[in-house]
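J.: There's a structure below that I have some questions on.
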Amino acid sequence: MGLETASQTGPLSTLHRKASFDVADFPVPTGREEEWRFTPLSRLKGLHTGAAASGGVVVRVDAAPEVTVETVGRDDERLGRAYVPADRVSAQAYSAFEKATVITVPREAVASAPTVVTVTGSGDGAAYGHTLVRLEPMAEAVVVLEHQGSAVYADNVEFVVGEGATLKVVSLQEWDDDAVHVSHHHALLAKDATFRSFVVTLGGDLVRLSPSVSYEGPGGDADLTGLYFVDAGQHLEHRLLVDHSTPNCRSNVVYKGALQGEDAHAVWIGDVIIRVEAEGTDTYELNRNLLLTDGARADSVPNLEILTGEVAGAGHASASGRLDDEHIFYLQARGIPFEEARRLVIRGFFKQLLEKIELDELRQRVFAKVEAELEK
């Protein structure tokens, strides 16, 4: 399916103008394209060329009692409604998956516990996946996506949030050091729907996540938060798109990362489009990177495309820098050793984000992971 016959119209931005389910509609990336220029293609292990040897992952779902979980084939008509692939790897994942996981929260149901989807890599070749999370009108749920083990994995995740529904998602990338993961997460929000996303990326050799949001009715509210900690040799990339095409919707994006070690590389791309018809939009995006050692590199590119003058608010900010010497000095002057002062400053850097994780056990787990990174 080409762009001209796609079920949804692509954004106006030239960075996101192509959408298709057909792999052949996307040329093999060379690294000179804007959307691929930061990604080390040689480390994708064939995901971008289609040459990756087939393998497998194990998907396990521990669902709340109110939630329905199905394993469906490629012909299920619910798949592909919210998201049309926007690059070659995403299209490859859509054309290659065999079974999809569909999670449904019924109308007006309030899930009494989180639904946890665990993807475990076996280390045997490349795998492709597809997940659909559907909230019917007025439903509420929390979904946790966990990724672990060794894998070369590409997948698409669709979130369809019905009218007045509320979906909170936590995505954890805790892969082994040799893993490669390329994923697209797309949320489609109906009238007065609320979407909260929290992405934590810590593991893997190369991880490239592309969260995106679009709106079907006024009153949609999206909050996208991310935390990442990049170690020596790691490449962690987050590419966000919020497409405002409906009046009176809101979005807020806050991603923060810390980097340490030689060739630690973080990439954050934040694209927000406000179309002509999206009057009353209120949007803001923020990215902060803390460079803890020499040899680390952070690329941060916020893009804001505004096609109407009738907006409630629109802005962006981006900054990358080292630890504040004044903060360290202030703590050391009060008898706190340098290493402990350093840890306190980094904890403070992430504290506001961590407080957004409403599940106590999960928040403590992420905090412990960050603490472990600080010990390296």
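In the structure tokens, each chain is lettered A, B, ... as it comes, each chain's residues begin at 1, and ligands are numbered from 1 in order of appearance.
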Show me, as a list in words, the residues that have an atom within 8 Å of A:Leu241 when counting only C-alpha atoms, minus same-chain residues fewer than 2 positions from it.
T.: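 My reading of the contact set: Ser210, Pro211, Ser212, Val213, Arg239, Asp243, Gly270, Asp271, Val272 and Ile273 of chain A.
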J.: Show which residues sit within 7 Å of A:Phe21, as an MDAnalysis selection string. Count only C-alpha atoms, and ignore same-chain residues fewer than 3 positions away.
T.: chainID A and resid 1 84:85 91 94
J.: Can you work out which one of A:Val89, A:Val110, A:Ala126, A:Val102 has the shortest atom-to-atom distance to A:Leu167, counting only C-alpha atoms?
T.: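 That would be A:Val110, the residue with the smallest distance to A:Leu167.
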J.: For the interface of stretch 66-106 of chain A with stretch 22-33 of chain A (cut-off 7 Å, counting only C-alpha atoms), please tabulate each contacting residue of stretch 66-106 of chain A alongside its nearest pair of atoms and their separation in Å to one decimal, rows sorted by chain and increasing number, as CSV.
T.:
residue,atom,partner,partner_atom,distance
A:Asp87,CA,A:Phe26,CA,6.5
A:Arg88,CA,A:Phe26,CA,5.2
A:Ala91,CA,A:Val23,CA,5.1
A:Gln92,CA,A:Val23,CA,5.7
J.: Pick out the closest residue to A:Thr39 from this set: A:Glu163, A:Glu279, A:Glu140, A:Asp299. Count only C-alpha atoms.
T.: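 Residue with the minimum atom-to-atom distance to A:Thr39: A:Asp299.
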J.: Based on the backbone DSSP call, show me all residues of stretch 70-247 of chain A assigned strand (DSSP E or B), as a PyMOL selection string.
T.: chain A and resi 70-72+100-105+110+115-135+140-161+166-175+180-189+194-201+206-215+221-230+235-244
J.: May I have the residues within 7 Å of A:Asp263 as a list in words, using only C-alpha atoms and disregarding those fewer than 2 positions away in the same chain?
T.: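 The filter keeps Ala232, Gly233, Gly261, His265, Gly295, Ala296 and Arg297 of chain A.
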J.: Filtering to C-alpha atoms, could you give me those residues as a PDB file, in the first residue's frame?
T.:
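As a result, again.pdb now contains:
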ATOM      1  CA  ALA A 232      30.480   3.236  26.552  1.00  0.00           C
ATOM      2  CA  GLY A 233      29.852   2.074  22.990  1.00  0.00           C
ATOM      3  CA  GLY A 261      32.147   6.315  28.604  1.00  0.00           C
ATOM      4  CA  HIS A 265      26.025   8.152  21.855  1.00  0.00           C
ATOM      5  CA  GLY A 295      34.171  10.689  24.763  1.00  0.00           C
ATOM      6  CA  ALA A 296      30.366  10.794  25.090  1.00  0.00           C
ATOM      7  CA  ARG A 297      28.207  12.512  22.466  1.00  0.00           C
TER       8      ARG A 297
END
J.: Using only C-alpha atoms, can you tell me which of A:Ser214, A:Ser183, A:Asn289, A:Ser171 comes closest to A:Phe198?
T.: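 Of A:Ser214, A:Ser183, A:Asn289, A:Ser171, the one nearest A:Phe198, counting only C-alpha atoms, is A:Ser171.
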J.: Got a sec: who's within 12 Å of A:Gly46, counting only C-alpha atoms, leaving out chain neighbours fewer than 2 positions off, as a count of residues only?
T.: 26
J.: Any idea what the distance is between atom CA of A:Thr115 and atom CA of A:Thr166?
T.: 14.0 Å
J.: Point out the residue among A:Ala96, A:Ala222, A:Ala179, A:Leu362 with the least atom-to-atom distance to A:Gln234, counting only C-alpha atoms.
T.: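 Nearest to A:Gln234: A:Ala179.
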